[in-house]
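Novice: Got a structure for you, model_10.cif, holding mmCIF, C-alpha atoms.
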data_protein
#
loop_
_atom_site.label_atom_id
_atom_site.label_comp_id
_atom_site.auth_asym_id
_atom_site.auth_seq_id
_atom_site.Cartn_x
_atom_site.Cartn_y
_atom_site.Cartn_z
CA MET P 1 -18.60 10.96 20.68
CA ILE P 2 -19.94 13.82 18.62
CA ARG P 3 -20.60 11.86 15.42
CA ARG P 4 -23.45 10.02 17.14
CA ASN P 5 -24.83 13.09 18.90
CA PHE P 6 -26.59 15.15 16.25
CA LEU P 7 -30.13 16.28 15.49
CA GLY P 8 -31.80 17.53 12.33
CA LEU P 9 -32.15 21.33 12.22
CA MET P 10 -35.57 22.64 13.18
CA ALA P 11 -37.19 25.07 10.75
CA THR P 12 -37.94 28.53 12.07
CA ALA P 13 -41.52 29.62 12.62
CA GLY P 14 -43.31 30.85 9.53
CA THR P 15 -40.94 29.19 7.08
CA ALA P 16 -41.23 25.53 8.03
CA ALA P 17 -42.51 24.36 4.67
CA ALA P 18 -39.81 26.20 2.77
CA LEU P 19 -36.92 25.15 4.97
CA SER P 20 -37.62 21.58 6.00
CA THR P 21 -38.14 19.95 2.59
CA PRO P 22 -34.93 18.31 1.28
CA ALA P 23 -34.22 19.13 -2.34
CA ARG P 24 -34.50 16.49 -5.01
CA ALA P 25 -31.77 18.41 -6.68
CA ALA P 26 -29.64 18.51 -9.77
CA VAL P 27 -26.74 19.24 -7.44
CA GLU P 28 -25.17 15.80 -7.50
CA ILE P 29 -21.72 14.49 -8.34
CA ASN P 30 -21.35 11.10 -10.03
CA ILE P 31 -17.90 10.07 -8.84
CA ASN P 32 -18.00 6.91 -10.96
CA LYS P 33 -17.64 8.93 -14.17
CA GLY P 34 -13.85 9.32 -13.97
CA ASN P 35 -12.48 12.84 -14.18
CA VAL P 36 -15.27 14.88 -12.54
CA GLN P 37 -15.75 18.62 -12.96
CA PRO P 38 -15.63 20.12 -9.43
CA LEU P 39 -18.92 21.51 -8.11
CA PRO P 40 -18.90 25.29 -7.48
CA ILE P 41 -19.97 25.79 -3.86
CA ALA P 42 -20.25 28.95 -1.75
CA ILE P 43 -19.14 28.35 1.85
CA THR P 44 -20.00 31.34 4.03
CA ASP P 45 -18.30 32.06 7.34
CA PHE P 46 -20.36 30.45 10.08
CA LEU P 47 -21.85 33.16 12.27
CA SER P 48 -20.26 33.39 15.73
CA ASN P 49 -19.15 35.95 18.28
CA ASN P 50 -15.48 35.01 17.83
CA ASP P 51 -13.11 33.58 15.20
CA LEU P 52 -14.33 30.02 15.62
CA GLY P 53 -17.12 30.27 13.01
CA PRO P 54 -14.80 31.40 10.19
CA GLN P 55 -12.20 28.81 11.26
CA ILE P 56 -14.73 25.98 11.03
CA SER P 57 -15.82 27.20 7.59
CA GLN P 58 -12.19 27.30 6.49
CA VAL P 59 -11.58 23.67 7.50
CA ILE P 60 -14.77 22.55 5.72
CA ALA P 61 -13.74 24.39 2.55
CA ALA P 62 -10.23 22.91 2.68
CA ASP P 63 -11.60 19.36 3.09
CA LEU P 64 -14.03 19.68 0.20
CA GLN P 65 -11.52 21.35 -2.10
CA ARG P 66 -8.86 18.74 -1.34
CA SER P 67 -11.27 16.00 -2.44
CA GLY P 68 -11.12 17.42 -5.97
CA LEU P 69 -14.92 17.22 -6.23
CA PHE P 70 -15.77 20.71 -4.97
CA ALA P 71 -14.59 24.18 -5.99
CA PRO P 72 -15.20 26.69 -3.15
CA ILE P 73 -15.94 30.16 -4.54
CA ASN P 74 -13.86 33.13 -3.41
CA LYS P 75 -15.74 34.93 -0.63
CA GLN P 76 -15.00 38.31 -2.19
CA ALA P 77 -17.44 37.39 -4.96
CA PHE P 78 -20.36 36.92 -2.53
CA ILE P 79 -23.23 39.37 -3.07
CA GLU P 80 -25.54 38.47 -0.18
CA LYS P 81 -24.28 38.79 3.39
CA ILE P 82 -25.81 36.02 5.48
CA SER P 83 -27.13 37.34 8.79
CA ASP P 84 -29.52 34.50 9.69
CA PRO P 85 -28.66 30.93 8.64
CA ASN P 86 -32.28 29.88 9.28
CA ALA P 87 -33.66 32.36 6.74
CA GLN P 88 -34.06 31.46 3.11
CA PRO P 89 -31.17 32.97 1.12
CA ARG P 90 -31.57 35.17 -1.97
CA PHE P 91 -30.94 32.43 -4.51
CA ASP P 92 -30.53 34.80 -7.47
CA ASP P 93 -27.52 36.39 -5.73
CA TRP P 94 -25.83 33.01 -5.49
CA LYS P 95 -26.75 31.87 -8.98
CA ALA P 96 -25.22 35.10 -10.28
CA ILE P 97 -21.79 33.93 -9.08
CA ASN P 98 -22.39 30.36 -10.34
CA ALA P 99 -22.71 28.86 -6.83
CA GLN P 100 -24.61 25.64 -7.44
CA ALA P 101 -24.62 24.88 -3.71
CA LEU P 102 -24.55 27.19 -0.68
CA LEU P 103 -23.44 26.33 2.85
CA VAL P 104 -24.48 28.56 5.78
CA GLY P 105 -24.21 28.00 9.50
CA ARG P 106 -23.84 29.29 13.04
CA VAL P 107 -21.65 28.43 16.04
CA SER P 108 -22.62 29.34 19.61
CA ARG P 109 -21.92 28.41 23.22
CA GLU P 110 -24.52 26.62 25.34
CA GLY P 111 -25.03 27.49 29.01
CA ASP P 112 -23.12 24.36 30.03
CA GLY P 113 -20.08 25.40 27.97
CA ARG P 114 -20.69 23.04 25.08
CA LEU P 115 -20.33 24.18 21.49
CA ARG P 116 -23.45 24.16 19.34
CA ALA P 117 -23.00 24.19 15.57
CA GLU P 118 -25.75 24.15 12.97
CA PHE P 119 -25.62 24.24 9.21
CA ARG P 120 -27.79 24.19 6.11
CA LEU P 121 -26.80 23.14 2.62
CA TRP P 122 -28.87 24.73 -0.14
CA ASP P 123 -29.35 23.88 -3.80
CA THR P 124 -29.41 27.40 -5.23
CA TYR P 125 -30.89 26.46 -8.60
CA ALA P 126 -33.68 24.30 -7.16
CA GLY P 127 -34.21 26.89 -4.40
CA ALA P 128 -34.43 24.19 -1.73
CA GLN P 129 -32.52 22.86 1.25
CA MET P 130 -30.53 19.69 0.63
CA THR P 131 -29.64 18.87 4.22
CA GLY P 132 -29.31 20.50 7.65
CA GLN P 133 -28.00 19.28 10.98
CA GLN P 134 -26.89 20.52 14.37
CA PHE P 135 -24.18 19.18 16.66
CA PHE P 136 -23.15 19.60 20.30
CA THR P 137 -19.60 19.01 21.47
CA GLN P 138 -16.81 20.38 23.62
CA PRO P 139 -15.03 23.47 22.20
CA GLU P 140 -11.71 21.67 21.79
CA ASN P 141 -13.34 19.35 19.24
CA TRP P 142 -14.05 22.17 16.78
CA ARG P 143 -11.73 20.85 14.03
CA ARG P 144 -13.28 17.42 14.20
CA LEU P 145 -16.72 19.03 14.08
CA ALA P 146 -15.72 20.74 10.83
CA HIS P 147 -14.59 17.41 9.37
CA ILE P 148 -17.93 15.81 10.29
CA ILE P 149 -19.86 18.61 8.56
CA ALA P 150 -17.64 18.22 5.48
CA ASP P 151 -18.44 14.48 5.52
CA ALA P 152 -22.18 15.24 5.66
CA ILE P 153 -21.92 17.55 2.63
CA TYR P 154 -19.76 15.07 0.69
CA GLU P 155 -22.25 12.26 1.34
CA ARG P 156 -25.30 14.33 0.45
CA VAL P 157 -23.86 15.49 -2.87
CA THR P 158 -22.00 12.31 -3.98
CA GLY P 159 -24.07 9.58 -2.35
CA GLU P 160 -20.83 8.13 -0.93
CA LYS P 161 -19.51 8.21 2.63
CA GLY P 162 -16.97 10.94 3.30
CA TYR P 163 -13.50 10.37 4.74
CA PHE P 164 -12.63 13.65 6.48
CA ASP P 165 -13.35 12.59 10.08
CA THR P 166 -10.43 10.16 10.08
CA ARG P 167 -6.88 9.93 11.29
CA VAL P 168 -3.65 8.64 9.80
CA VAL P 169 -0.88 6.87 11.66
CA PHE P 170 2.55 7.17 10.04
CA VAL P 171 6.31 7.16 10.64
CA SER P 172 7.66 10.64 11.32
CA GLU P 173 11.29 10.92 10.22
CA SER P 174 13.62 13.67 11.43
CA GLY P 175 17.33 14.39 11.70
CA PRO P 176 20.19 13.84 9.23
CA LYS P 177 20.19 10.75 6.99
CA THR P 178 23.01 9.15 8.96
CA GLN P 179 21.17 9.61 12.26
CA ARG P 180 17.53 9.51 11.23
CA VAL P 181 15.03 9.37 14.10
CA ARG P 182 11.83 7.48 13.27
CA GLN P 183 8.82 7.91 15.53
CA LEU P 184 5.34 6.52 15.32
CA ALA P 185 2.96 9.47 14.89
CA ILE P 186 -0.73 10.14 14.37
CA MET P 187 -2.53 13.08 12.75
CA ASP P 188 -5.86 14.13 11.31
CA GLN P 189 -6.20 13.20 7.64
CA ASP P 190 -5.44 16.80 6.64
CA GLY P 191 -2.07 16.83 8.45
CA PHE P 192 -3.18 18.74 11.56
CA ASN P 193 -3.00 17.69 15.22
CA VAL P 194 0.18 15.64 14.83
CA ARG P 195 1.03 13.68 17.98
CA MET P 196 4.04 11.42 18.56
CA LEU P 197 3.28 7.92 19.85
CA THR P 198 6.85 6.66 20.41
CA ASN P 199 9.99 8.38 21.64
CA GLY P 200 12.23 7.68 18.64
CA LYS P 201 14.77 5.57 20.49
CA ASP P 202 13.96 2.47 18.45
CA LEU P 203 13.24 1.93 14.76
CA VAL P 204 9.52 1.61 13.97
CA LEU P 205 7.97 0.37 10.72
CA THR P 206 4.65 -0.43 9.02
CA PRO P 207 1.99 0.89 11.43
CA ARG P 208 -1.56 -0.29 10.71
CA PHE P 209 -4.95 0.70 12.14
CA SER P 210 -7.43 -1.72 13.63
CA PRO P 211 -10.67 -1.66 11.60
CA ASN P 212 -12.90 -1.39 14.69
CA ARG P 213 -10.85 -0.13 17.64
CA GLN P 214 -8.57 2.79 18.43
CA GLU P 215 -5.59 0.49 18.21
CA VAL P 216 -2.60 0.15 15.91
CA THR P 217 -0.14 -2.61 15.21
CA TYR P 218 3.43 -1.89 14.15
CA MET P 219 6.95 -3.29 14.04
CA SER P 220 9.66 -2.10 16.40
CA PHE P 221 13.30 -3.04 16.86
CA GLU P 222 13.19 -2.30 20.57
CA GLY P 223 16.11 -4.05 22.29
CA GLY P 224 17.55 -4.91 18.88
CA GLN P 225 14.84 -7.53 18.22
CA PRO P 226 12.10 -7.09 15.62
CA ARG P 227 8.72 -7.55 17.29
CA VAL P 228 5.12 -6.78 16.49
CA TYR P 229 3.37 -4.51 19.00
CA LEU P 230 -0.21 -3.50 19.70
CA LEU P 231 -0.74 0.07 20.90
CA GLN P 232 -3.98 1.40 22.42
CA LEU P 233 -4.22 4.99 21.22
CA GLU P 234 -6.49 6.27 23.97
CA THR P 235 -4.58 4.80 26.91
CA GLY P 236 -1.07 4.45 25.49
CA GLN P 237 -1.01 0.83 26.69
CA ARG P 238 1.32 -1.32 24.60
CA GLU P 239 1.90 -5.04 24.38
CA VAL P 240 3.97 -7.46 22.31
CA VAL P 241 1.87 -9.58 19.96
CA GLY P 242 4.33 -12.45 20.19
CA ASN P 243 8.01 -13.32 20.29
CA PHE P 244 8.79 -15.05 17.04
CA PRO P 245 12.15 -16.41 15.90
CA GLY P 246 13.64 -14.52 12.97
CA MET P 247 12.31 -11.36 11.35
CA THR P 248 8.67 -10.27 11.43
CA PHE P 249 7.27 -8.14 8.61
CA ALA P 250 4.19 -6.13 7.64
CA PRO P 251 1.64 -6.91 10.38
CA ARG P 252 -1.96 -6.04 9.51
CA PHE P 253 -5.36 -6.59 11.14
CA SER P 254 -8.13 -8.82 9.84
CA PRO P 255 -11.39 -7.00 8.98
CA ASP P 256 -13.00 -8.05 12.29
CA GLY P 257 -9.95 -6.90 14.27
CA GLN P 258 -9.60 -10.30 15.95
CA ARG P 259 -6.47 -11.46 14.13
CA VAL P 260 -3.17 -10.10 12.92
CA ILE P 261 -1.66 -11.38 9.70
CA MET P 262 2.08 -11.04 9.09
CA SER P 263 5.14 -12.44 7.39
CA LEU P 264 7.72 -14.36 9.44
CA GLN P 265 11.20 -15.05 8.11
CA GLN P 266 12.82 -18.36 9.03
CA ASP P 267 15.69 -20.27 7.39
CA GLY P 268 16.13 -17.70 4.63
CA ASN P 269 12.55 -17.62 3.41
CA ALA P 270 9.44 -15.84 4.64
CA ASN P 271 5.91 -17.17 4.92
CA ILE P 272 2.57 -15.73 5.98
CA TYR P 273 1.06 -16.46 9.37
CA THR P 274 -2.04 -15.37 11.22
CA MET P 275 -2.37 -14.89 14.98
CA ASP P 276 -5.62 -14.98 16.92
CA LEU P 277 -5.36 -12.02 19.29
CA ARG P 278 -7.53 -13.71 21.93
CA SER P 279 -5.83 -17.11 22.13
CA ARG P 280 -2.45 -15.97 20.73
CA THR P 281 -2.31 -19.09 18.57
CA THR P 282 -0.55 -18.82 15.20
CA THR P 283 -1.44 -20.51 11.93
CA ARG P 284 0.87 -20.77 8.94
CA ILE P 285 -0.97 -20.26 5.67
CA THR P 286 1.81 -20.25 3.03
CA SER P 287 4.70 -22.67 2.77
CA THR P 288 7.21 -21.89 0.05
CA ALA P 289 10.95 -21.46 -0.34
CA ALA P 290 10.30 -17.90 -1.53
CA ILE P 291 9.59 -14.63 0.29
CA ASP P 292 5.87 -14.17 0.85
CA THR P 293 5.05 -10.88 2.56
CA SER P 294 2.75 -7.80 2.74
CA PRO P 295 -0.53 -9.71 3.24
CA SER P 296 -3.82 -7.80 3.19
CA TYR P 297 -7.35 -9.14 3.72
CA SER P 298 -10.31 -8.45 1.48
CA PRO P 299 -13.00 -6.48 3.38
CA ASP P 300 -15.15 -9.62 3.80
CA GLY P 301 -12.18 -11.50 5.28
CA ARG P 302 -12.48 -14.36 2.78
CA ARG P 303 -9.40 -13.66 0.67
CA ILE P 304 -5.88 -12.34 1.09
CA CYS P 305 -3.61 -10.56 -1.37
CA PHE P 306 0.16 -10.64 -0.84
CA GLU P 307 3.45 -10.25 -2.65
CA SER P 308 5.84 -13.09 -3.43
CA ASP P 309 9.04 -13.58 -5.43
CA ARG P 310 8.31 -17.27 -6.01
CA GLY P 311 8.23 -16.60 -9.75
CA GLY P 312 11.64 -14.89 -9.79
CA ARG P 313 10.60 -11.34 -8.92
CA GLN P 314 8.01 -9.67 -6.72
CA GLN P 315 4.45 -10.13 -7.96
CA ILE P 316 0.98 -9.93 -6.45
CA TYR P 317 -0.91 -13.10 -5.54
CA VAL P 318 -4.38 -13.78 -4.17
CA MET P 319 -5.48 -16.73 -2.03
CA GLY P 320 -8.25 -17.85 0.27
CA ALA P 321 -8.08 -16.80 3.91
CA ASP P 322 -6.89 -20.34 4.78
CA GLY P 323 -4.10 -20.24 2.16
CA SER P 324 -5.99 -22.19 -0.49
CA GLY P 325 -6.13 -21.38 -4.20
CA GLN P 326 -2.96 -19.28 -4.44
CA GLN P 327 -2.75 -17.58 -7.82
CA ARG P 328 -0.73 -14.79 -9.37
CA ILE P 329 -2.69 -11.76 -10.62
CA SER P 330 0.02 -9.25 -11.73
CA PHE P 331 1.62 -9.77 -15.13
CA GLY P 332 2.84 -6.36 -16.26
CA ASP P 333 6.44 -5.29 -16.79
CA GLY P 334 8.50 -4.77 -13.64
CA SER P 335 7.87 -5.91 -10.07
CA TYR P 336 4.86 -5.38 -7.80
CA SER P 337 4.75 -4.95 -4.03
CA THR P 338 2.76 -3.65 -1.00
CA PRO P 339 -0.69 -4.78 -2.20
CA VAL P 340 -3.63 -3.42 -0.17
CA TRP P 341 -7.26 -4.42 -0.67
CA SER P 342 -9.74 -1.55 -1.03
CA PRO P 343 -12.39 -1.17 1.72
CA ARG P 344 -14.95 -1.45 -1.08
CA GLY P 345 -13.50 -4.79 -2.21
CA ASP P 346 -13.35 -3.75 -5.85
CA LEU P 347 -9.65 -2.91 -6.23
CA ILE P 348 -6.17 -3.71 -4.94
CA ALA P 349 -3.65 -0.87 -4.67
CA PHE P 350 0.03 -1.59 -5.18
CA THR P 351 3.53 -0.22 -5.69
CA LYS P 352 5.11 -1.02 -9.06
CA GLN P 353 8.78 -0.71 -9.95
CA SER P 354 9.48 -0.50 -13.67
CA ALA P 355 11.85 1.39 -15.99
CA GLY P 356 13.66 3.00 -13.06
CA LYS P 357 10.50 4.48 -11.54
CA PHE P 358 8.15 3.65 -8.69
CA ALA P 359 4.43 3.95 -9.35
CA ILE P 360 1.25 3.71 -7.30
CA GLY P 361 -1.53 1.89 -9.12
CA VAL P 362 -4.69 -0.17 -8.77
CA MET P 363 -6.02 -3.35 -10.34
CA LYS P 364 -9.09 -5.52 -9.92
CA PRO P 365 -8.79 -8.58 -7.66
CA ASP P 366 -8.48 -10.82 -10.72
CA GLY P 367 -5.57 -8.72 -12.03
CA SER P 368 -7.52 -6.99 -14.81
CA GLY P 369 -7.93 -3.25 -15.29
CA GLU P 370 -4.49 -2.22 -14.07
CA ARG P 371 -4.15 1.58 -13.88
CA ILE P 372 -1.18 3.68 -12.79
CA LEU P 373 -2.30 6.70 -10.74
CA THR P 374 1.07 8.38 -10.21
CA SER P 375 4.71 7.63 -10.98
CA GLY P 376 8.06 9.09 -10.00
CA PHE P 377 11.50 8.61 -8.53
CA HIS P 378 10.27 6.74 -5.45
CA ASN P 379 6.61 6.23 -4.48
CA GLU P 380 5.58 3.52 -2.04
CA GLY P 381 3.22 2.30 0.67
CA PRO P 382 -0.39 2.92 -0.50
CA THR P 383 -3.19 3.03 2.09
CA TRP P 384 -6.91 3.51 1.42
CA ALA P 385 -9.30 6.11 2.78
CA PRO P 386 -12.25 4.28 4.40
CA ASN P 387 -14.56 5.09 1.48
CA GLY P 388 -12.19 3.47 -1.02
CA ARG P 389 -11.96 6.61 -3.19
CA VAL P 390 -8.62 8.11 -2.13
CA ILE P 391 -5.15 6.63 -1.56
CA MET P 392 -2.38 8.03 0.60
CA PHE P 393 1.27 7.05 0.03
CA PHE P 394 4.76 8.38 0.58
CA ARG P 395 7.17 9.80 -1.96
CA GLN P 396 10.81 10.75 -2.00
CA ASN P 397 11.89 12.88 -4.93
CA ALA P 398 15.35 12.66 -6.45
CA GLY P 399 17.83 14.61 -4.33
CA ALA P 400 15.35 15.12 -1.47
CA SER P 401 16.51 14.63 2.11
CA GLY P 402 13.50 12.51 3.08
CA PRO P 403 10.03 11.25 2.14
CA GLN P 404 6.74 13.15 2.22
CA LEU P 405 3.12 12.03 2.39
CA TYR P 406 0.77 12.49 -0.57
CA SER P 407 -2.79 11.57 -1.45
CA ILE P 408 -4.39 10.91 -4.82
CA ASP P 409 -7.90 9.94 -5.85
CA LEU P 410 -8.86 7.11 -8.18
CA THR P 411 -9.00 9.40 -11.21
CA GLY P 412 -5.26 10.03 -10.85
CA TYR P 413 -5.85 13.76 -11.44
CA ASN P 414 -6.12 15.05 -7.89
CA GLU P 415 -2.74 14.64 -6.22
CA GLN P 416 -2.15 16.50 -2.95
CA ALA P 417 0.88 16.87 -0.66
CA ILE P 418 0.08 16.30 3.03
CA LYS P 419 2.29 18.60 5.07
CA THR P 420 3.78 17.22 8.28
CA PRO P 421 6.27 18.83 10.71
CA ALA P 422 9.02 16.40 9.66
CA PHE P 423 9.44 13.85 6.87
CA GLY P 424 6.73 11.18 6.72
CA SER P 425 6.46 7.60 5.49
CA ASP P 426 4.42 4.40 5.93
CA PRO P 427 0.94 6.00 6.26
CA ALA P 428 -2.05 3.96 7.40
CA TRP P 429 -5.57 5.41 7.23
CA SER P 430 -8.08 4.88 10.04
CA PRO P 431 -11.74 3.98 9.62
CA LEU P 432 -14.27 6.77 10.16
CA LEU P 433 -14.16 7.79 13.81
CA GLU P 434 -17.15 7.04 16.06
#
Mind turning this structure into structure tokens?

Specialist:
Amino acid sequence: MIRRNFLGLMATAGTAAALSTPARAAVEININKGNVQPLPIAITDFLSNNDLGPQISQVIAADLQRSGLFAPINKQAFIEKISDPNAQPRFDDWKAINAQALLVGRVSREGDGRLRAEFRLWDTYAGAQMTGQQFFTQPENWRRLAHIIADAIYERVTGEKGYFDTRVVFVSESGPKTQRVRQLAIMDQDGFNVRMLTNGKDLVLTPRFSPNRQEVTYMSFEGGQPRVYLLQLETGQREVVGNFPGMTFAPRFSPDGQRVIMSLQQDGNANIYTMDLRSRTTTRITSTAAIDTSPSYSPDGRRICFESDRGGRQQIYVMGADGSGQQRISFGDGSYSTPVWSPRGDLIAFTKQSAGKFAIGVMKPDGSGERILTSGFHNEGPTWAPNGRVIMFFRQNAGASGPQLYSIDLTGYNEQAIKTPAFGSDPAWSPLLE
């Protein structure tokens, strides 16, 4: 558990006053302003006696650059060569290359084999340290360590929690279209460390992370019957949530992780049910002759958004957690589906089909402020980063053999492809790891 096991860096003798005072700096990013100009930052190779230091620096730089909020400066432009990360840098050398922030660090091995990493983030124009920390962990955790450092930098500069120390569960698709193999898979948010969770013998759909445990829920057609499963990621233990008559769709956890909400199809229509995971009792919360599906809780657990065709085509509705006060909130052209409430509670992401295209967009919980972030031949399945600032989804371009994962931030300007070994669909973002 390396996120919990860190200490502030100690200043070296003789320079304590200079090194230990955090900067009240101009180096800040207001991410509420819309399209933000990326912050120029110099990220030096962490000092080490092997390749691990530069590799950690590379992962940090990739995380920050992918956020769209930071612009790492080419190392060939660096004037000063850092030889001691505890010494005050020559700020004029960094200002000369327009580095508004400077990251330095060191990686070493402890006597017990653990990895020790320390870093300092400097405001070059204020000439002061912004933050500094050190971490201890096992060597095999070095990539995660880099993500945690990137999160610390992101939070210090933006004032918002980062999202780099997270994982994504998704459906990995391989093989020809007529014999497509779909496996449940998990990876780091940057596409590395992909691991298969199922063997591909049975169709899997709509995986979702628990908000507070290393557990996912998903649909599987094992034995030819659609069932909802719970899978413990650490142990691999799996269990059926319940055997329901008819089809089961789009299971998702409640914010406290104690319930699963889903859509059950019976007699030609589908309604929304919740199941208490402790007592295994189910409660029906919608009752219509339409298809109600894709439910998603608000982060406080008091409301639910879902899609329904009760008005003739798919639209987004909001209701109380007990099914009360059902009201439609989407009124634009086309149809709306796969609504997902932001972890911040301020927005609902959705898929919109209109004019022959599929778009990913957001709107406020009352339906106002609709914005399309990206549009194309086929985009679907939005999922939120835990800080509510970035959305991942899957896309299949015209003529492509299969779908691919993408991310985009709320400005709509920073779209990134997430490379996976095979095709990828149905992503679901984890909370920050503990």

Novice: Nearest residue to Arg182 (chain P) out of P:Gly162, P:Pro38, P:Pro207, P:Gly356, using all atoms listed in the file?

Specialist: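 Once distances to Arg182 (chain P) are computed over all atoms listed in the file, the minimum belongs to P:Pro207.
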
Novice: Run through the PyMOL selection byres ((chain P and resi 219) around 9) on the given coordinates and return the selected residues as a ChimeraX atom specification.

Specialist: /P:203-207,217-218,220-221,226-229,248-251

Novice: Report the distance between CA of Glu380 (chain P) and CA of Ser287 (chain P) in Å, rounded to one decimal place.

Specialist: 26.6 Å

Novice: Rank P:Ser430, P:Thr158, P:Ser279, P:Asn49 by their smallest atom-to-atom distance to Val216 (chain P), using all atoms listed in the file, and report the top residue only.

Specialist: P:Ser430

Novice: Check the smallest atom-to-atom distance from each of P:Gly257, P:Gly111, P:Pro211, P:Gly332 to Leu433 (chain P) using all atoms listed in the file, then report the winner.

Specialist: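 For Leu433 (chain P), the nearest of the candidates is P:Pro211.
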
Novice: Please provide as a list in words all residues within 10 Å of Ala96 (chain P), with the sequence filter that same-chain residues fewer than 5 positions apart are discarded (counting only C-alpha atoms).

Specialist: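 So, after excluding close chain neighbours, the residues are Ala77, Phe78, Ile79 and Phe91 of chain P.
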
Novice: Produce a file of the selected residues containing C-alpha atoms, as a PDB file, in the coordinates of the input.

Specialist:
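Ended up saving to selection_21.pdb:
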ATOM      1  CA  ALA P  77     -17.440  37.390  -4.960  1.00  0.00           C
ATOM      2  CA  PHE P  78     -20.360  36.920  -2.530  1.00  0.00           C
ATOM      3  CA  ILE P  79     -23.230  39.370  -3.070  1.00  0.00           C
ATOM      4  CA  PHE P  91     -30.940  32.430  -4.510  1.00  0.00           C
TER       5      PHE P  91
END

Novice: Give as a list of chain:residue names the residues that the PyMOL selection byres ((chain P and resi 167) around 10) matches when applied to the coordinates above.

Specialist: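 What the PyMOL selection byres ((chain P and resi 167) around 10) grabs from the file is P:Tyr163, P:Phe164, P:Asp165, P:Thr166, P:Val168, P:Val169, P:Phe170, P:Ile186, P:Met187, P:Asp188, P:Gln189, P:Asp190, P:Gly191, P:Phe192, P:Asn193, P:Val194, P:Phe209, P:Ala385, P:Ala428, P:Trp429, P:Ser430, P:Pro431, P:Leu432, P:Leu433.
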
Novice: What is the CA of Asp202 (chain P) to CA of Gln183 (chain P) distance in Å?

Specialist: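 Interatomic distance, CA of Asp202 (chain P) to CA of Gln183 (chain P): 8.0 Å.
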
Novice: Name every residue that the PyMOL selection byres ((chain P and resi 413) around 9) selects in this structure, writing the answer as a list of chain:residue names with chains first and numbers rising.

Specialist: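 In the shown coordinates, the PyMOL selection byres ((chain P and resi 413) around 9) covers P:Asn35, P:Gly68, P:Leu373, P:Thr374, P:Ile408, P:Asp409, P:Leu410, P:Thr411, P:Gly412, P:Asn414, P:Glu415.
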
Novice: Those residues you just picked out, can you put them in a file as a short mmCIF file (atom, residue, chain, number, x, y, z; two decimals), keeping the file's coordinate frame with C-alpha atoms?

Specialist:
data_model
loop_
_atom_site.label_atom_id
_atom_site.label_comp_id
_atom_site.auth_asym_id
_atom_site.auth_seq_id
_atom_site.Cartn_x
_atom_site.Cartn_y
_atom_site.Cartn_z
CA ASN P 35 -12.48 12.84 -14.18
CA GLY P 68 -11.12 17.42 -5.97
CA LEU P 373 -2.30 6.70 -10.74
CA THR P 374 1.07 8.38 -10.21
CA ILE P 408 -4.39 10.91 -4.82
CA ASP P 409 -7.90 9.94 -5.85
CA LEU P 410 -8.86 7.11 -8.18
CA THR P 411 -9.00 9.40 -11.21
CA GLY P 412 -5.26 10.03 -10.85
CA ASN P 414 -6.12 15.05 -7.89
CA GLU P 415 -2.74 14.64 -6.22
#

Novice: Rounded to one decimal place, report the CA of Ser375 (chain P)-CA of Met392 (chain P) distance in Å.

Specialist: 13.6 Å

Novice: Which residue is closest to Pro421 (chain P)? Choose from P:Asp92, P:Val171, P:Ser83, P:Val59 and count all atoms listed in the file.

Specialist: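 Of P:Asp92, P:Val171, P:Ser83, P:Val59, the one nearest Pro421 (chain P) is P:Val171, counting all atoms listed in the file.
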